[in-house]
Structures are given as C-alpha cells and as structure tokens.
$ cat input.txt   # compact mmCIF, C-alpha atoms
# COMPACT_ATOMS: atom_id res chain seq x y z
CA MET A 1 132.45 -3.56 -18.22
CA SER A 2 134.01 -2.29 -15.04
CA ALA A 3 137.31 -1.00 -13.71
CA SER A 4 139.60 -3.08 -11.49
CA ASP A 5 138.04 -1.51 -8.39
CA GLY A 6 134.58 -2.63 -9.44
CA THR A 7 133.29 0.77 -10.56
CA PRO A 8 131.56 0.88 -13.94
CA GLY A 9 133.95 1.45 -16.83
CA PRO A 10 133.16 3.25 -20.09
CA TRP A 11 130.22 1.66 -21.84
CA LEU A 12 128.86 4.76 -23.60
CA SER A 13 130.63 6.42 -26.51
CA ILE A 14 129.46 9.85 -27.67
CA ILE A 15 130.71 10.30 -31.20
CA GLY A 16 130.58 13.53 -33.16
CA VAL A 17 129.54 12.95 -36.75
CA ASN A 18 129.09 15.40 -39.59
CA GLU A 19 127.35 15.27 -42.95
CA ASP A 20 130.21 13.26 -44.48
CA GLY A 21 129.20 10.36 -42.21
CA LEU A 22 131.59 7.42 -41.89
CA ASP A 23 134.16 9.02 -44.19
CA GLY A 24 134.72 11.88 -41.76
CA LEU A 25 135.25 9.81 -38.61
CA THR A 26 138.65 9.61 -36.98
CA PRO A 27 140.15 6.12 -36.52
CA ALA A 28 139.33 6.31 -32.80
CA ALA A 29 135.70 7.20 -33.46
CA ARG A 30 135.36 4.51 -36.13
CA ALA A 31 136.79 1.85 -33.77
CA LEU A 32 134.24 2.73 -31.08
CA LEU A 33 131.42 2.66 -33.60
CA ASP A 34 132.53 -0.68 -35.03
CA ALA A 35 132.61 -2.18 -31.51
CA ALA A 36 129.17 -0.85 -30.55
CA GLU A 37 126.33 -3.27 -29.91
CA LEU A 38 123.77 -0.45 -30.19
CA VAL A 39 123.86 2.90 -31.99
CA ALA A 40 121.63 5.71 -30.71
CA GLY A 41 120.83 9.06 -32.27
CA GLY A 42 118.45 11.07 -34.38
CA ARG A 43 117.15 9.62 -37.64
CA ARG A 44 119.46 11.77 -39.75
CA HIS A 45 122.56 10.65 -37.85
CA LEU A 46 121.53 6.99 -37.85
CA ASP A 47 121.07 7.10 -41.61
CA LEU A 48 124.64 8.36 -42.01
CA VAL A 49 125.98 5.06 -40.57
CA LYS A 50 123.17 2.76 -41.67
CA SER A 51 125.53 0.75 -43.87
CA LEU A 52 127.07 -0.77 -40.72
CA GLY A 53 123.83 -2.61 -40.00
CA LYS A 54 123.94 -1.95 -36.25
CA PRO A 55 120.89 -2.23 -33.96
CA GLU A 56 119.43 1.26 -33.47
CA LEU A 57 117.80 3.35 -30.78
CA GLU A 58 116.21 6.39 -32.43
CA TRP A 59 115.66 9.47 -30.27
CA GLU A 60 112.11 10.23 -29.30
CA VAL A 61 110.52 13.67 -29.16
CA PRO A 62 111.17 15.16 -26.68
CA PHE A 63 114.76 13.95 -26.53
CA ALA A 64 114.70 13.64 -22.72
CA ALA A 65 112.25 10.72 -22.98
CA SER A 66 114.97 8.62 -24.63
CA ILE A 67 117.59 9.02 -21.91
CA PRO A 68 116.12 6.43 -19.47
CA LYS A 69 115.99 3.90 -22.33
CA LEU A 70 119.62 4.61 -23.10
CA VAL A 71 120.69 4.28 -19.46
CA ALA A 72 118.82 0.97 -19.27
CA ARG A 73 121.37 -0.42 -21.76
CA ARG A 74 124.25 0.14 -19.30
CA GLY A 75 126.56 -2.85 -19.57
CA GLU A 76 126.31 -2.99 -23.37
CA ARG A 77 128.62 -1.10 -25.71
CA VAL A 78 126.49 1.82 -26.83
CA ALA A 79 127.50 4.53 -29.30
CA VAL A 80 125.58 7.80 -29.39
CA LEU A 81 125.84 9.91 -32.54
CA ALA A 82 125.69 13.68 -32.20
CA SER A 83 126.32 16.59 -34.52
CA GLY A 84 129.94 17.77 -34.60
CA ASP A 85 130.99 18.68 -31.08
CA PRO A 86 128.46 17.02 -28.73
CA PHE A 87 129.14 19.57 -25.99
CA TRP A 88 128.59 22.69 -28.08
CA PHE A 89 124.81 23.08 -28.30
CA GLY A 90 124.63 19.30 -28.62
CA ALA A 91 123.28 16.27 -26.77
CA GLY A 92 126.40 15.81 -24.66
CA ALA A 93 125.35 17.98 -21.72
CA ALA A 94 121.99 16.20 -21.28
CA LEU A 95 123.67 12.79 -21.43
CA ALA A 96 126.36 13.86 -18.95
CA ARG A 97 123.64 14.62 -16.39
CA ALA A 98 122.46 11.02 -16.59
CA VAL A 99 125.73 9.11 -17.04
CA ALA A 100 128.87 9.52 -14.93
CA ALA A 101 131.95 10.88 -16.67
CA GLU A 102 133.96 7.70 -16.02
CA GLU A 103 131.31 5.67 -17.83
CA MET A 104 131.62 7.49 -21.15
CA VAL A 105 134.12 8.26 -23.88
CA VAL A 106 133.63 11.37 -26.02
CA VAL A 107 135.12 11.82 -29.49
CA PRO A 108 134.08 15.18 -30.96
CA ALA A 109 134.21 16.16 -34.61
CA PRO A 110 134.54 19.70 -35.99
CA SER A 111 131.45 21.67 -34.98
CA THR A 112 129.15 23.30 -37.51
CA PHE A 113 130.43 26.61 -36.15
CA ALA A 114 134.02 25.64 -37.00
CA LEU A 115 133.05 24.42 -40.46
CA ALA A 116 131.01 27.54 -41.19
CA ALA A 117 133.80 29.83 -39.99
CA ALA A 118 136.24 27.96 -42.22
CA ARG A 119 134.00 28.46 -45.24
CA LEU A 120 133.63 32.17 -44.50
CA ARG A 121 137.24 32.70 -43.37
CA TRP A 122 136.00 34.20 -40.10
CA ARG A 123 137.91 34.28 -36.83
CA LEU A 124 135.72 32.05 -34.69
CA GLU A 125 136.91 33.58 -31.40
CA GLU A 126 135.49 36.92 -32.58
CA THR A 127 132.17 35.43 -33.68
CA ALA A 128 129.08 34.93 -31.51
CA THR A 129 127.81 31.35 -31.75
CA LEU A 130 124.24 30.47 -30.82
CA GLY A 131 122.00 27.42 -31.01
CA LEU A 132 118.40 28.41 -31.68
CA HIS A 133 116.89 24.96 -32.19
CA ALA A 134 114.62 25.39 -29.17
CA ARG A 135 115.29 29.00 -28.21
CA PRO A 136 113.39 32.09 -29.35
CA MET A 137 114.85 34.38 -32.01
CA GLU A 138 114.92 37.15 -29.42
CA THR A 139 117.95 35.47 -27.86
CA LEU A 140 119.91 37.22 -30.62
CA ARG A 141 118.98 40.73 -29.45
CA PRO A 142 121.91 41.47 -27.08
CA HIS A 143 124.42 40.34 -29.73
CA LEU A 144 123.19 42.61 -32.51
CA ALA A 145 125.37 45.62 -33.22
CA PRO A 146 126.84 47.08 -36.40
CA GLY A 147 129.80 45.00 -37.50
CA ALA A 148 128.95 42.03 -35.29
CA ARG A 149 129.35 38.55 -36.72
CA LEU A 150 127.18 35.66 -35.59
CA ILE A 151 126.71 32.03 -36.60
CA VAL A 152 123.41 30.54 -35.49
CA LEU A 153 122.12 26.99 -35.74
CA LEU A 154 118.45 26.75 -36.70
CA ARG A 155 115.88 24.01 -36.25
CA ASP A 156 114.65 23.57 -39.85
CA GLY A 157 114.53 25.00 -43.35
CA ALA A 158 111.73 27.44 -42.52
CA ALA A 159 113.64 29.14 -39.72
CA PRO A 160 116.07 31.27 -41.81
CA ALA A 161 113.18 33.28 -43.27
CA LEU A 162 111.84 33.87 -39.74
CA LEU A 163 115.30 34.98 -38.65
CA ALA A 164 115.52 37.41 -41.56
CA ALA A 165 112.12 38.89 -40.72
CA TYR A 166 113.11 39.31 -37.08
CA LEU A 167 116.30 41.14 -38.03
CA ALA A 168 114.48 43.39 -40.47
CA ASP A 169 111.85 44.28 -37.86
CA LEU A 170 114.63 45.39 -35.48
CA GLY A 171 116.15 47.68 -38.09
CA PHE A 172 118.88 45.26 -39.16
CA GLY A 173 117.47 44.73 -42.64
CA PRO A 174 120.76 45.52 -44.43
CA SER A 175 122.51 42.66 -42.59
CA ARG A 176 124.21 40.13 -44.87
CA LEU A 177 122.99 36.57 -44.30
CA THR A 178 124.80 33.46 -45.51
CA VAL A 179 122.68 30.33 -45.40
CA LEU A 180 124.77 27.17 -45.03
CA GLU A 181 122.97 23.86 -45.61
CA ALA A 182 124.37 20.44 -44.65
CA VAL A 183 127.82 21.94 -44.22
CA GLY A 184 130.65 19.42 -44.38
CA GLY A 185 128.87 16.85 -46.54
CA PRO A 186 127.96 16.08 -50.15
CA ARG A 187 124.70 18.06 -49.90
CA GLU A 188 126.47 21.25 -48.76
CA ARG A 189 125.14 24.45 -50.29
CA THR A 190 125.86 28.10 -49.46
CA ARG A 191 123.73 31.09 -50.52
CA THR A 192 123.93 34.74 -49.52
CA THR A 193 121.26 37.42 -49.27
CA THR A 194 120.19 40.21 -46.90
CA ALA A 195 117.66 40.19 -44.09
CA SER A 196 115.30 42.68 -45.76
CA GLY A 197 115.72 41.11 -49.20
CA PHE A 198 115.66 37.49 -48.09
CA ASP A 199 114.96 35.36 -51.15
CA VAL A 200 116.48 31.97 -50.34
CA THR A 201 114.01 29.12 -50.84
CA GLU A 202 113.94 25.33 -50.57
CA ILE A 203 116.35 25.27 -47.64
CA ASN A 204 117.33 21.85 -46.36
CA ALA A 205 118.23 20.97 -42.78
CA PRO A 206 120.62 20.91 -41.05
CA VAL A 207 121.03 24.62 -41.54
CA ALA A 208 123.14 27.40 -40.08
CA VAL A 209 123.01 31.10 -40.88
CA ALA A 210 125.98 33.44 -40.65
CA ILE A 211 125.04 37.04 -39.90
CA GLU A 212 127.12 40.10 -40.70
CA ALA A 213 125.09 42.66 -38.78
CA GLU A 214 124.40 46.05 -40.31
CA ALA A 215 121.89 48.50 -38.91
CA ALA A 216 119.62 50.78 -40.89
CA ALA A 217 119.17 54.40 -39.86
CA GLY A 218 117.07 54.64 -36.72
CA ALA A 219 117.71 51.09 -35.50
CA THR A 220 117.90 50.73 -31.72
CA ILE A 221 121.22 49.29 -30.61
CA MET A 222 121.33 47.87 -27.11
CA PRO A 223 124.18 49.37 -25.07
CA ALA A 224 126.69 47.00 -23.51
CA VAL A 225 126.57 48.74 -20.11
CA ALA A 226 123.95 48.96 -17.39
CA GLY A 227 121.26 51.59 -17.75
CA LEU A 228 119.30 50.74 -20.88
CA PRO A 229 117.04 53.51 -22.20
CA ASP A 230 113.67 53.50 -20.44
CA GLU A 231 111.97 53.35 -23.83
CA LEU A 232 113.17 49.78 -24.35
CA PHE A 233 110.92 48.58 -21.53
CA GLU A 234 107.17 48.21 -21.71
CA SER A 235 105.93 49.76 -18.49
CA ASP A 236 102.90 51.07 -16.61
CA GLY A 237 105.17 53.46 -14.73
CA GLN A 238 106.46 50.83 -12.29
CA LEU A 239 110.00 51.00 -13.66
CA THR A 240 113.36 51.72 -12.06
CA LYS A 241 114.49 54.64 -14.19
CA ARG A 242 117.68 54.47 -16.23
CA GLU A 243 120.02 56.49 -14.00
CA VAL A 244 118.88 54.80 -10.78
CA ARG A 245 118.96 51.43 -12.52
CA ALA A 246 122.58 51.90 -13.58
CA LEU A 247 123.59 52.75 -10.01
CA THR A 248 121.55 49.84 -8.67
CA LEU A 249 123.23 47.33 -11.01
CA SER A 250 126.60 48.72 -9.95
CA SER A 251 125.65 48.13 -6.30
CA LEU A 252 124.35 44.61 -7.01
CA ALA A 253 127.65 43.86 -8.82
CA PRO A 254 126.60 40.83 -10.92
CA ARG A 255 129.21 38.12 -11.39
CA PRO A 256 129.20 35.05 -13.66
CA GLY A 257 127.17 32.18 -12.24
CA GLU A 258 125.42 34.23 -9.56
CA LEU A 259 121.69 34.23 -8.76
CA LEU A 260 119.65 37.38 -8.15
CA TRP A 261 116.30 37.67 -6.44
CA ASP A 262 114.39 40.65 -7.90
CA VAL A 263 111.65 41.22 -5.33
CA GLY A 264 108.83 43.38 -6.60
CA ALA A 265 110.00 42.96 -10.18
CA GLY A 266 107.61 45.48 -11.77
CA ALA A 267 108.67 45.77 -15.42
CA GLY A 268 111.56 43.41 -14.73
CA SER A 269 114.27 45.93 -15.61
CA ILE A 270 116.70 45.10 -12.79
CA GLY A 271 116.53 41.34 -13.33
CA ILE A 272 116.81 41.78 -17.10
CA GLU A 273 119.93 43.93 -16.86
CA TRP A 274 121.44 41.54 -14.30
CA LEU A 275 121.03 38.74 -16.87
CA LEU A 276 122.43 40.88 -19.67
CA ALA A 277 125.58 41.46 -17.62
CA HIS A 278 126.84 37.92 -18.34
CA PRO A 279 125.37 34.83 -20.04
CA ALA A 280 126.04 32.69 -16.94
CA THR A 281 124.01 34.84 -14.53
CA HIS A 282 120.62 33.71 -13.21
CA ALA A 283 117.64 35.65 -11.87
CA ILE A 284 114.32 34.94 -10.19
CA GLY A 285 111.74 37.71 -10.18
CA ILE A 286 108.80 37.91 -7.76
CA GLU A 287 105.82 40.06 -8.72
CA ALA A 288 102.42 40.26 -7.01
CA SER A 289 100.52 41.61 -10.04
CA ALA A 290 99.69 39.17 -12.83
CA GLY A 291 99.54 42.02 -15.35
CA ARG A 292 102.97 43.32 -14.40
CA LEU A 293 104.37 39.80 -14.37
CA ALA A 294 103.21 39.26 -17.95
CA ARG A 295 104.70 42.63 -18.92
CA ALA A 296 108.04 41.70 -17.34
CA GLN A 297 107.99 38.41 -19.24
CA ARG A 298 107.45 40.28 -22.50
CA ASN A 299 110.32 42.64 -21.67
CA ALA A 300 112.64 39.75 -20.84
CA LEU A 301 111.85 38.04 -24.15
CA ALA A 302 112.12 41.21 -26.23
CA LEU A 303 115.51 42.11 -24.73
CA GLY A 304 116.99 38.66 -25.24
CA VAL A 305 116.92 37.06 -21.78
CA PRO A 306 113.98 34.63 -21.83
CA ARG A 307 115.76 32.69 -19.07
CA PHE A 308 114.48 35.23 -16.50
CA ASP A 309 112.49 33.04 -14.07
CA LEU A 310 109.49 35.21 -13.19
CA LYS A 311 107.04 34.02 -10.54
CA LEU A 312 103.67 35.35 -9.44
CA GLY A 313 103.51 35.86 -5.68
CA THR A 314 103.84 38.20 -2.74
CA ALA A 315 106.93 38.40 -0.58
CA PRO A 316 107.87 37.13 1.92
CA ALA A 317 105.70 34.04 1.39
CA ALA A 318 106.75 33.73 -2.27
CA LEU A 319 110.43 33.58 -1.27
CA ALA A 320 110.09 30.34 0.66
CA GLY A 321 111.80 27.38 -0.97
CA LEU A 322 113.71 29.38 -3.59
CA PRO A 323 117.40 28.61 -4.10
CA ALA A 324 119.66 30.83 -1.99
CA PRO A 325 120.59 34.05 -3.79
CA ASP A 326 123.96 35.71 -4.20
CA ALA A 327 122.25 39.09 -4.41
CA VAL A 328 118.80 40.46 -3.63
CA PHE A 329 117.19 43.61 -4.94
CA ILE A 330 114.05 44.91 -3.27
CA GLY A 331 112.47 47.63 -5.33
CA GLY A 332 108.90 47.10 -4.20
CA GLY A 333 107.46 45.74 -0.99
CA ALA A 334 110.41 46.56 1.27
CA GLY A 335 107.95 48.09 3.72
CA GLU A 336 105.93 44.88 4.02
CA ALA A 337 106.47 42.94 7.23
CA GLY A 338 109.07 40.21 6.97
CA VAL A 339 110.35 40.97 3.45
CA ILE A 340 113.80 42.28 4.36
CA GLU A 341 114.07 39.68 7.13
CA ALA A 342 113.39 36.83 4.70
CA ALA A 343 115.77 38.20 2.08
CA TRP A 344 118.58 38.74 4.60
CA ALA A 345 118.13 35.25 6.07
CA ALA A 346 118.23 33.59 2.63
CA LEU A 347 121.21 35.55 1.32
CA LYS A 348 124.41 33.57 0.96
CA PRO A 349 127.42 34.59 3.08
CA GLY A 350 129.13 37.44 1.27
CA GLY A 351 125.98 38.17 -0.71
CA ARG A 352 124.65 41.66 -1.45
CA LEU A 353 121.29 43.15 -0.48
CA VAL A 354 120.22 46.36 -2.21
CA VAL A 355 117.01 48.16 -1.24
CA ASN A 356 115.71 51.27 -2.99
CA ALA A 357 113.43 53.32 -0.76
CA VAL A 358 111.25 56.13 -2.10
CA THR A 359 108.73 56.74 0.71
CA LEU A 360 109.59 58.06 4.15
CA GLU A 361 108.09 54.95 5.71
CA THR A 362 110.33 52.61 3.74
CA GLU A 363 113.31 54.91 4.34
CA ALA A 364 112.74 54.61 8.10
CA ILE A 365 112.78 50.81 7.82
CA VAL A 366 115.98 50.91 5.77
CA LEU A 367 117.65 53.21 8.29
CA ALA A 368 116.75 50.84 11.11
CA TRP A 369 118.21 47.88 9.24
CA GLN A 370 121.34 49.80 8.40
CA GLY A 371 121.79 50.55 12.08
CA LYS A 372 121.37 46.84 12.87
CA VAL A 373 123.54 45.11 10.24
CA GLY A 374 125.55 47.93 8.72
CA GLY A 375 126.08 48.70 5.07
CA SER A 376 126.14 51.97 3.18
CA LEU A 377 123.45 54.51 2.38
CA ILE A 378 123.25 56.60 -0.78
CA ARG A 379 120.70 59.29 -1.53
CA ILE A 380 120.07 59.55 -5.27
CA ALA A 381 118.56 62.83 -6.45
CA ILE A 382 118.11 63.38 -10.18
CA GLU A 383 116.72 66.33 -12.10
CA ARG A 384 115.77 66.31 -15.75
CA ALA A 385 115.35 69.33 -17.97
CA GLY A 386 111.84 69.70 -19.36
CA PRO A 387 109.43 72.27 -20.84
CA VAL A 388 107.64 74.68 -18.52
CA GLY A 389 105.30 77.15 -20.22
CA GLY A 390 107.31 77.35 -23.39
CA LEU A 391 110.62 77.53 -21.52
CA THR A 392 112.90 74.88 -20.09
CA ALA A 393 113.43 74.14 -16.40
CA TRP A 394 114.74 71.42 -14.15
CA ARG A 395 112.18 68.90 -12.97
CA PRO A 396 113.30 66.86 -9.95
CA ALA A 397 112.47 63.16 -9.79
CA LEU A 398 111.54 61.57 -6.48
CA PRO A 399 114.76 61.01 -4.52
CA VAL A 400 115.76 57.41 -3.79
CA VAL A 401 117.58 56.23 -0.68
CA GLN A 402 119.62 53.16 -1.55
CA TRP A 403 120.86 50.82 1.14
CA ILE A 404 123.62 48.39 0.20
CA ALA A 405 124.56 45.68 2.69
CA ARG A 406 126.91 42.72 2.44
CA LYS A 407 126.13 39.71 4.61

$ encode --input "input.txt" --output "structure tokens"
Amino acid sequence: MSASDGTPGPWLSIIGVNEDGLDGLTPAARALLDAAELVAGGRRHLDLVKSLGKPELEWEVPFAASIPKLVARRGERVAVLASGDPFWFGAGAALARAVAAEEMVVVPAPSTFALAAARLRWRLEETATLGLHARPMETLRPHLAPGARLIVLLRDGAAPALLAAYLADLGFGPSRLTVLEAVGGPRERTRTTTASGFDVTEINAPVAVAIEAEAAAGATIMPAVAGLPDELFESDGQLTKREVRALTLSSLAPRPGELLWDVGAGAGSIGIEWLLAHPATHAIGIEASAGRLARAQRNALALGVPRFDLKLGTAPAALAGLPAPDAVFIGGGAGEAGVIEAAWAALKPGGRLVVNAVTLETEAIVLAWQGKVGGSLIRIAIERAGPVGGLTAWRPALPVVQWIARK
C-alpha cells in the first residue's frame, strides 16, 4: 500500500472501541476492521471483536515491547483497538512515535471521560481528567480543592480503594466518589460513596472514578500561585523560603513547554513550583547530596509532580550533555568555578538565568557577571515577627541578592 509518489500509504488503523464492542462502532470504523488482516490490542479489546475471527496480535507487558512486532507487519492491513479516544491517555501517542502520520488512519470513539461526564451530567470542560494507570496517586494533589471535579481512569478494581484512602489521608475524606465500571457497555455499573466511608467492593475493570472534592476542617489546600507554604516541603534547612521563592519563580517566568535547570536543587522547591506552574513544563534538578536528592524526590512526589527529573551530581560537570534549558536557576553552587559559565553557555537564546546569592563571595561573582553580560539586580530583605523574651520583635532573614539575566 503506497501513495502515487511511492511513499507508504495508510496501512495501520487505530480504532477506538468501547464496552459495547462491535455494536458501538461507526460505519467507518467497522469498514476498517472488516478489511483488516490483523487485529492488535489488549485481551479485553480483542475479546470484544472476537466474533469476527480475525488473526490477533495481543499486547505484551510492557506495551512498548509489542510496537516493533506491530511495525514489522507494515504492508498488511492492521487494525489496532484502543479504548475510546486513542489519543486521550490511550495507546495512540506511543504508536504515533513509531508510525508516520500518513501511514495511519485514526477513528476515535467517545472517551471514558465523555461517557462518565454524560452519566453525571457534568460539564467536561470544567472537569479535570487524569489517567492513573501507570502514574502515582499523588498526581492528583495539585487538582484537589473544595468544589473541584475530577474524573480519573484507574488500572484495576483494587485502585479505587487506594484512591479513597489517599484522599482521606489528605483531609479530603468527605469527598463524594462515583465508581463507574465498564461504562458504555452491558456490564456498566455505577455506585457512589465517600472517600472516608469507602465501601464499594467487587469492582470490575475497566474502572473510572469521578471525584467531587470536599475538604474536611484542617485539610491543606495547595495554592494556585507561586510561593507554597514552607511547611509543605520536607527540608533540612536547605530550602528557598516562601517569599524569596515566589519572587524567584516570577523572575524565572515559566511558560508552557519550557525546560528549567534547577542547579543545587536542595529540597527541590524551585523545580517543583516551576512544574506546578503548567502541566507542559519540564525540569531537571542537579543535587550533589544523595540525601537531599532523595528528599527532593519525596517532595516532588508528595506535591504531585513526579515528572521532576532529579539527578545526583555536582555542577558544572553534571550539566554536560543535558538538553538545553529555557531557564536556569542557581540556588546553590554559584560560587563554584565554571558553574555560571556552563549555565550561561547552555542557555537557549532568549532564555533566563536567575542566581540567588546569600554570601558576599557569591554576591561578588554575581556583580562581576552582571557587569559583563547585563541583567538586573534585586536585593531581597525580609523580616518576620517572632517572640523575643515574651514579647514580639522583627527578626531579619539573611538578605538575598538576585541576579536576573536574559541571554
């Protein structure tokens, strides 16, 4: 199968299928399936169309191991079955990395999110949608706020109870949970409970849970702006404090799709808040201490950004070979020889470099660099009220000199 210019034509069909199987397919999807010489998919999907008697390629575990076998069938008419919309937490994205767009045809079906929202009469554009098949529960954390609505896809029948326990532990025990099993098919079943009183048993996959978030008294709600409370971070004291962190994030100015280098990550607070700014941001953290690196990893997981790529190493050597950043923050190690040089050289044109200096020695280095390449300098001085001998007085924190430079 090829186009008139000799380039490969469509040989792969990616067909969205729901629990109603063949009955729910559009005429276009059914025609592609009928013409297929091979049908690929998970066991559950293959069973939905088993009556056609087509040769099968069942996905292996992990799924990625099956892709070369699928690509090896190029030239045959191959139909891949995927849940609902293949490009919404489905197999479509992985297949698109291996097969050119002009070689495939995609026919989506209503997603589980759409079906669940229809059952609940929810506005889908106002609902957070997450796939947690292979992601930790903590991914939910940034989305949890009183009144929030979420629909999450879970890996198996045991996962809803784990989800309920996670919500209850965070102080969201009163949240209303609707468990939707095999939505869209003859086995569909819907049951409602709360996170703290979760009593749903014998749950069958595929399963989704709709969450109407409600917080108990004392629950910690993550703010939607930079400058999370210091108490949310596990720390040994190596932490950019809330006020300075908020100013630093403002200077770094995260944008969707951009990559940050967090050099001297410490507790990981700057990289974590960079990632929280938008789901399409990326961050690499470099930390010389294995203990602090592990602590930063725990913080990233607990605050819902397990995608933080934290690496053990010492700058500048640890920076070699990393993808070019759009922004660099140096909170520790700026005084080490070659660190600022390496960061500045790697920074993309138009990128931002932000250095926070606390010691006079590091401040002198920052001043020299500012004189060489320009940028702005800010001196941040913060005082906090605290007890002094039974009274209250202002206690100054160490001042920070912040240098912000655009390449």

$ closest_residue --input "input.txt" --among "A:Gln370, A:Ser13, A:Asn356, A:Thr281" --to "Arg307 in chain A" --atoms "all atoms listed in the file"
A:Thr281

$ residues_around --input "input.txt" --residues "range 172-183 of chain A" --least-positions-apart "3" --cutoff "6 Å" --atoms "all atoms listed in the file" --output "number ranges by chain"
A: 167-168, 187-196, 206-216

$ write_last_selection --input "input.txt" --atoms "C-alpha atoms" --output "compact mmCIF listing (two decimals), in the frame of the given file"
# COMPACT_ATOMS: atom_id res chain seq x y z
CA LEU A 167 116.30 41.14 -38.03
CA ALA A 168 114.48 43.39 -40.47
CA ARG A 187 124.70 18.06 -49.90
CA GLU A 188 126.47 21.25 -48.76
CA ARG A 189 125.14 24.45 -50.29
CA THR A 190 125.86 28.10 -49.46
CA ARG A 191 123.73 31.09 -50.52
CA THR A 192 123.93 34.74 -49.52
CA THR A 193 121.26 37.42 -49.27
CA THR A 194 120.19 40.21 -46.90
CA ALA A 195 117.66 40.19 -44.09
CA SER A 196 115.30 42.68 -45.76
CA PRO A 206 120.62 20.91 -41.05
CA VAL A 207 121.03 24.62 -41.54
CA ALA A 208 123.14 27.40 -40.08
CA VAL A 209 123.01 31.10 -40.88
CA ALA A 210 125.98 33.44 -40.65
CA ILE A 211 125.04 37.04 -39.90
CA GLU A 212 127.12 40.10 -40.70
CA ALA A 213 125.09 42.66 -38.78
CA GLU A 214 124.40 46.05 -40.31
CA ALA A 215 121.89 48.50 -38.91
CA ALA A 216 119.62 50.78 -40.89

$ atom_distance --input "input.txt" --atom1 "CA of Ala224 in chain A" --atom2 "CA of Ala134 in chain A"
25.4 Å

$ atom_distance --input "input.txt" --atom1 "CA of Glu60 in chain A" --atom2 "CA of Val78 in chain A"
16.8 Å

$ atom_distance --input "input.txt" --atom1 "CA of Ala128 in chain A" --atom2 "CA of Pro229 in chain A"
24.0 Å

$ residues_around --input "input.txt" --residues "Ala397 in chain A" --least-positions-apart "4" --cutoff "8 Å" --atoms "only C-alpha atoms" --output "ChimeraX atom specification"
/A:381-384

$ residues_around --input "input.txt" --residues "Pro68 in chain A" --least-positions-apart "3" --cutoff "12 Å" --atoms "only C-alpha atoms" --output "VMD selection string"
chain A and resid 57 59 to 60 63 to 65 71 to 74 94 to 95 97 to 99

$ closest_residue --input "input.txt" --among "A:Asn204, A:Thr314, A:Ser111, A:Ser83" --to "Leu124 in chain A" --atoms "only C-alpha atoms"
A:Ser111

$ residues_around --input "input.txt" --residues "range 316-320 of chain A" --least-positions-apart "3" --cutoff "12 Å" --atoms "all atoms listed in the file" --output "MDAnalysis selection string"
chainID A and resid 261:264 284:288 310:313 323:325 328 330 332:347

$ closest_residue --input "input.txt" --among "A:Leu12, A:Leu48, A:Ala79, A:Val61" --to "Glu102 in chain A" --atoms "all atoms listed in the file"
A:Leu12

$ residues_around --input "input.txt" --residues "Ile270 in chain A" --least-positions-apart "3" --cutoff "12 Å" --atoms "all atoms listed in the file" --output "ChimeraX atom specification"
/A:226-228,230,233,238-254,260-267,273-277,283-286,296,299-300,308,327-332,354-356

$ residues_near_point --input "input.txt" --point "(125.3, 48.0, 5.1)" --cutoff "7 Å" --atoms "all atoms listed in the file" --output "ChimeraX atom specification"
/A:370,373-376,403-406
